[in-house]
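J.: Structure below; questions to follow.
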Amino acid sequence: MDADRVLLLSYISFMNTTLRKPAWIRTSIPVGLEWKRVDAILARRGLHTVCDEARCPNKAECWACGTATFMILGDVCTRGCRFCAVATAREGRPLRAEEPSELAGAVAELGLRYAVVTSVDRDDLADRGSVHFAACICAIKEKSPRVKVEVLIPDFIEGELEVIIAAGADVIAHNVETVRRLQSVRDGRASFDKSLHTLEYAKRLGAPLTKSSLLLGLGETADEIRATMDELRAVDVDVLVLGQYLQPSGKQLPVADYIEPAVFDAWAVEGRERGFSSVVSAPFARTSYHALEAWERKTATAGCDSAVAVVGQATDTRSWS
């Protein structure tokens, strides 16, 4: 179905009023022994997760499955994006020399096949944390050589990104977050063009797979989404993630639109048609959500131009599992 038609039929917009969450926006609280095991391992090793710090809606599902997205370089970000719940300050916390080994130990202890590592921005450090980030990748690879490592990185540039690639990350992810017109929701030091450069340079350095995400529901238009897809494909981004923006607290931007699951289905189809090898498109989709499945679908289609994959079940009204 044409995405414009679905948008017209399915967007839920209440002009000049407070949006009410639709029935299909539902999440669970973490329960069960597996969640407790994950929590205990992270606490014992002094590790942070984006699941907690960014108030991710998928925490219950992921932790119940024994997975988590690790957040390194501390839990305080030096940037302040208007949609993000992570704590901010001009300076981050001191780096922990033991963090790479503790992270590698947690990955092994959890028995992960696929580890996702992200970080806060660290503009207060000379290398913006790139060397420490690379050390974390190397530690995981050394302790668990068969584990695939996906990294969601800041807008690293020349002199920073080389060590990340050399460390052997299997997937390099960096988010443009939203369409060009709405980039002001990001910290002023970030930009659409800077993010494109990070993704393009990663591919030029030999990144096996690149990935980026868009939050929908910030007021973007269908044509702007299409233009963003095309610009990402122009720098050879392989995997696209589309998810609903959900206001973490009253301190962040309000939601402009709640987008029906059928709209996400339509964008998944269009993303495939525009050349992405894998598309994760659903209300609760985030960069690291179902990351292993997206990687497997990409690698399964390598060398076959006509084979594409969509990860998701966006028409389901559950917590997108």
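So you can find residues: chains in the structure tokens are A, B, ... in the order shown, residues in each start at 1, and ligands are numbered from 1 in order.
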Which neighbours of range 75-79 of chain A fall inside 8 Å, counting only C-alpha atoms, when residues of the same chain fewer than 4 positions from it are skipped, and could you give them as a list in words?
T.: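 Residues meeting the cut-off are His48, Glu53, Met71, Val86, Ala87, Thr88, Ala89, Arg90, Glu91, Gly92, Arg93, Val120, Asp121, Arg122, Asp123, Asp124, Asp187 and Arg189 of chain A.
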J.: Selection from above, N, CA and C atoms, as an mmCIF file, in the first residue's frame, can you write it?
T.:
data_model
loop_
_atom_site.group_PDB
_atom_site.id
_atom_site.type_symbol
_atom_site.label_atom_id
_atom_site.label_comp_id
_atom_site.auth_asym_id
_atom_site.auth_seq_id
_atom_site.Cartn_x
_atom_site.Cartn_y
_atom_site.Cartn_z
ATOM 1 N N HIS A 48 26.520 -0.050 32.734
ATOM 2 C CA HIS A 48 25.284 0.671 32.429
ATOM 3 C C HIS A 48 24.669 0.114 31.161
ATOM 4 N N GLU A 53 19.142 3.843 31.106
ATOM 5 C CA GLU A 53 19.465 5.262 31.068
ATOM 6 C C GLU A 53 18.567 6.036 30.110
ATOM 7 N N MET A 71 25.954 0.415 27.645
ATOM 8 C CA MET A 71 26.308 1.811 27.429
ATOM 9 C C MET A 71 27.609 2.098 28.163
ATOM 10 N N VAL A 86 18.814 10.519 28.752
ATOM 11 C CA VAL A 86 20.104 10.294 29.406
ATOM 12 C C VAL A 86 20.574 11.590 30.071
ATOM 13 N N ALA A 87 21.137 11.466 31.270
ATOM 14 C CA ALA A 87 21.610 12.632 32.021
ATOM 15 C C ALA A 87 22.694 13.377 31.242
ATOM 16 N N THR A 88 22.721 14.698 31.357
ATOM 17 C CA THR A 88 23.690 15.503 30.617
ATOM 18 C C THR A 88 24.472 16.430 31.552
ATOM 19 N N ALA A 89 25.692 16.770 31.132
ATOM 20 C CA ALA A 89 26.537 17.719 31.859
ATOM 21 C C ALA A 89 27.659 18.146 30.921
ATOM 22 N N ARG A 90 28.377 19.191 31.289
ATOM 23 C CA ARG A 90 29.479 19.662 30.436
ATOM 24 C C ARG A 90 30.619 18.655 30.410
ATOM 25 N N GLU A 91 30.772 17.892 31.494
ATOM 26 C CA GLU A 91 31.808 16.872 31.566
ATOM 27 C C GLU A 91 31.197 15.557 32.012
ATOM 28 N N GLY A 92 31.681 14.463 31.424
ATOM 29 C CA GLY A 92 31.220 13.140 31.825
ATOM 30 C C GLY A 92 31.988 12.619 33.016
ATOM 31 N N ARG A 93 31.675 11.398 33.402
ATOM 32 C CA ARG A 93 32.355 10.790 34.547
ATOM 33 C C ARG A 93 33.731 10.255 34.124
ATOM 34 N N VAL A 120 27.542 7.217 25.643
ATOM 35 C CA VAL A 120 27.198 8.631 25.698
ATOM 36 C C VAL A 120 28.194 9.391 24.827
ATOM 37 N N ASP A 121 27.890 10.640 24.515
ATOM 38 C CA ASP A 121 28.874 11.500 23.845
ATOM 39 C C ASP A 121 29.853 12.022 24.886
ATOM 40 N N ARG A 122 31.116 12.096 24.499
ATOM 41 C CA ARG A 122 32.137 12.589 25.413
ATOM 42 C C ARG A 122 32.981 13.662 24.723
ATOM 43 N N ASP A 123 32.357 14.814 24.489
ATOM 44 C CA ASP A 123 33.068 15.938 23.885
ATOM 45 C C ASP A 123 34.141 16.511 24.795
ATOM 46 N N ASP A 124 34.137 16.098 26.066
ATOM 47 C CA ASP A 124 35.129 16.598 27.019
ATOM 48 C C ASP A 124 36.449 15.839 26.932
ATOM 49 N N ASP A 187 21.269 17.994 19.794
ATOM 50 C CA ASP A 187 22.229 18.952 20.330
ATOM 51 C C ASP A 187 22.827 19.757 19.176
ATOM 52 N N ARG A 189 25.676 20.597 18.423
ATOM 53 C CA ARG A 189 26.942 20.119 17.868
ATOM 54 C C ARG A 189 26.743 18.973 16.873
#
J.: As a PyMOL selection string, which residues of range 26-175 of chain A does DSSP assign to alpha helix (DSSP H)?
T.: chain A and resi 33-44+50-53+59-64+99-110+130-143+161-166
J.: CA of Leu205 in chain A and CA of Ala166 in chain A, how far apart in Å?
T.: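 Atom-to-atom, CA of Ala166 in chain A to CA of Leu205 in chain A, that is 9.1 Å.
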J.: Determine which residues of range 42-268 of chain A receive a DSSP assignment of strand (DSSP E or B), computed from the backbone, and state them as a ChimeraX atom specification.
T.: /A:48-49,69-72,76-77,87-88,114-119,148-152,171-173,177,210-216,239-244,258
J.: What does the file look like for those residues with C-alpha atoms, as a PDB file, in the first residue's frame?
T.:
ATOM      1  CA  HIS A  48      25.284   0.671  32.429  1.00  0.00           C
ATOM      2  CA  THR A  49      22.679  -0.082  29.793  1.00  0.00           C
ATOM      3  CA  THR A  69      22.451  -2.944  25.082  1.00  0.00           C
ATOM      4  CA  PHE A  70      25.529  -1.889  27.008  1.00  0.00           C
ATOM      5  CA  MET A  71      26.308   1.811  27.429  1.00  0.00           C
ATOM      6  CA  ILE A  72      29.961   2.675  27.975  1.00  0.00           C
ATOM      7  CA  VAL A  76      26.443  11.218  31.721  1.00  0.00           C
ATOM      8  CA  CYS A  77      26.355  12.643  28.195  1.00  0.00           C
ATOM      9  CA  ALA A  87      21.610  12.632  32.021  1.00  0.00           C
ATOM     10  CA  THR A  88      23.690  15.503  30.617  1.00  0.00           C
ATOM     11  CA  TYR A 114      25.450 -10.806  19.515  1.00  0.00           C
ATOM     12  CA  ALA A 115      26.520  -7.862  21.662  1.00  0.00           C
ATOM     13  CA  VAL A 116      25.354  -4.294  21.127  1.00  0.00           C
ATOM     14  CA  VAL A 117      27.492  -1.532  22.622  1.00  0.00           C
ATOM     15  CA  THR A 118      26.656   2.160  22.599  1.00  0.00           C
ATOM     16  CA  SER A 119      27.916   5.154  24.519  1.00  0.00           C
ATOM     17  CA  LYS A 148      29.265 -10.521  16.745  1.00  0.00           C
ATOM     18  CA  VAL A 149      29.653  -6.940  17.988  1.00  0.00           C
ATOM     19  CA  GLU A 150      27.445  -4.069  16.871  1.00  0.00           C
ATOM     20  CA  VAL A 151      28.429  -0.581  17.982  1.00  0.00           C
ATOM     21  CA  LEU A 152      26.169   2.470  18.026  1.00  0.00           C
ATOM     22  CA  VAL A 171      28.218  -3.502  12.473  1.00  0.00           C
ATOM     23  CA  ILE A 172      28.751   0.256  12.687  1.00  0.00           C
ATOM     24  CA  ALA A 173      25.564   2.104  13.587  1.00  0.00           C
ATOM     25  CA  GLU A 177      17.652  10.514  14.431  1.00  0.00           C
ATOM     26  CA  THR A 210      26.335   0.213   8.459  1.00  0.00           C
ATOM     27  CA  LYS A 211      23.027   1.087  10.036  1.00  0.00           C
ATOM     28  CA  SER A 212      20.990   4.149  10.984  1.00  0.00           C
ATOM     29  CA  SER A 213      17.678   4.959  12.640  1.00  0.00           C
ATOM     30  CA  LEU A 214      14.844   7.447  12.421  1.00  0.00           C
ATOM     31  CA  LEU A 215      12.381   8.335  15.142  1.00  0.00           C
ATOM     32  CA  LEU A 216       8.960   9.023  13.657  1.00  0.00           C
ATOM     33  CA  VAL A 239      20.139  -1.353   7.517  1.00  0.00           C
ATOM     34  CA  LEU A 240      17.386   1.114   8.387  1.00  0.00           C
ATOM     35  CA  VAL A 241      15.416   1.238  11.633  1.00  0.00           C
ATOM     36  CA  LEU A 242      12.152   3.181  11.979  1.00  0.00           C
ATOM     37  CA  GLY A 243      10.454   3.543  15.355  1.00  0.00           C
ATOM     38  CA  GLN A 244       7.872   5.669  17.134  1.00  0.00           C
ATOM     39  CA  TYR A 258       1.366   8.560  17.009  1.00  0.00           C
TER      40      TYR A 258
END
J.: Can you tell me which residues surround Gly159 in chain A at a distance of at most 12 Å, considering only C-alpha atoms, apart from same-chain residues fewer than 2 positions away, and format the answer as a ChimeraX atom specification?
T.: /A:126-131,155-157,161-165,198,201-202,205
J.: Just to be explicit: take each residue in the selection above, keep C-alpha atoms, and write the result as a compact mmCIF listing (two decimals), in the first residue's frame.
T.:
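The result, written out as again.txt:
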# COMPACT_ATOMS: atom_id res chain seq x y z
CA ALA A 126 40.48 14.67 23.46
CA ASP A 127 39.58 11.59 21.40
CA ARG A 128 35.87 11.78 22.37
CA GLY A 129 36.22 8.30 23.88
CA SER A 130 37.05 6.49 20.66
CA VAL A 131 40.11 4.66 22.03
CA ASP A 155 29.53 11.13 15.21
CA PHE A 156 33.17 10.05 15.15
CA ILE A 157 35.30 11.52 12.38
CA LEU A 161 36.74 6.23 13.61
CA GLU A 162 39.84 4.36 12.43
CA VAL A 163 40.40 2.65 15.80
CA ILE A 164 36.76 1.51 15.90
CA ILE A 165 37.07 -0.17 12.50
CA THR A 198 30.33 9.36 9.90
CA TYR A 201 33.55 7.37 6.27
CA ALA A 202 32.88 4.14 8.19
CA LEU A 205 37.26 2.49 5.99
J.: Choose the residue, out of A:Phe133, A:Phe83, A:Phe264, A:Tyr245, that has the smallest atom-to-atom separation from Arg286 in chain A; count only C-alpha atoms.
T.: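 For Arg286 in chain A, the nearest of the candidates is A:Tyr245.
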J.: Show which residues sit within 9 Å of Gly46 in chain A, as a list in words. Count only C-alpha atoms, and ignore same-chain residues fewer than 4 positions away.
T.: Ile41, Leu42, Glu99 and Glu102 of chain A
J.: Rounded to one decimal place, report the CA of Leu199 in chain A-CA of Leu232 in chain A distance in Å.
T.: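 Between CA of Leu199 in chain A and CA of Leu232 in chain A the gap is 8.4 Å.
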J.: If you measure from CA of Arg181 in chain A to CA of Glu224 in chain A, what distance in Å do you get, rounded to one decimal?
T.: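 The value is 8.2 Å.
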J.: At a cut-off of 10 Å, using only C-alpha atoms, what residues contact Thr228 in chain A? Leave out same-chain residues fewer than 4 positions from it and give the result as a list in words.
T.: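 Using only C-alpha atoms, the neighbours found are Val176, Thr178, Val179, Arg180, Phe192, Leu214, Ala222, Asp223, Glu224, Leu232, Arg233 and Ala234 of chain A.
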J.: Would you output that residue set with N, CA and C atoms, as a compact mmCIF listing (two decimals), in the first residue's frame?
T.:
# COMPACT_ATOMS: atom_id res chain seq x y z
N VAL A 176 20.94 9.23 12.39
CA VAL A 176 20.62 10.60 11.98
C VAL A 176 19.45 11.13 12.81
N THR A 178 16.43 12.00 12.92
CA THR A 178 15.22 12.55 12.32
C THR A 178 15.56 13.18 10.97
N VAL A 179 14.56 13.72 10.31
CA VAL A 179 14.76 14.29 8.97
C VAL A 179 15.54 15.61 9.06
N ARG A 180 16.01 16.08 7.92
CA ARG A 180 16.84 17.30 7.92
C ARG A 180 16.16 18.48 8.60
N PHE A 192 22.75 16.66 10.50
CA PHE A 192 22.46 15.61 9.52
C PHE A 192 23.70 15.31 8.68
N LEU A 214 15.70 6.26 12.40
CA LEU A 214 14.84 7.45 12.42
C LEU A 214 13.75 7.27 13.46
N ALA A 222 5.91 12.59 4.91
CA ALA A 222 6.25 11.40 4.14
C ALA A 222 7.38 11.67 3.16
N ASP A 223 7.33 12.81 2.48
CA ASP A 223 8.38 13.13 1.52
C ASP A 223 9.73 13.31 2.21
N GLU A 224 9.72 13.85 3.42
CA GLU A 224 10.97 14.03 4.16
C GLU A 224 11.56 12.67 4.56
N LEU A 232 20.53 8.33 2.98
CA LEU A 232 21.23 7.24 3.68
C LEU A 232 21.72 6.19 2.68
N ARG A 233 20.91 5.88 1.71
CA ARG A 233 21.34 4.92 0.69
C ARG A 233 22.48 5.49 -0.16
N ALA A 234 22.50 6.80 -0.33
CA ALA A 234 23.56 7.42 -1.13
C ALA A 234 24.94 7.24 -0.50
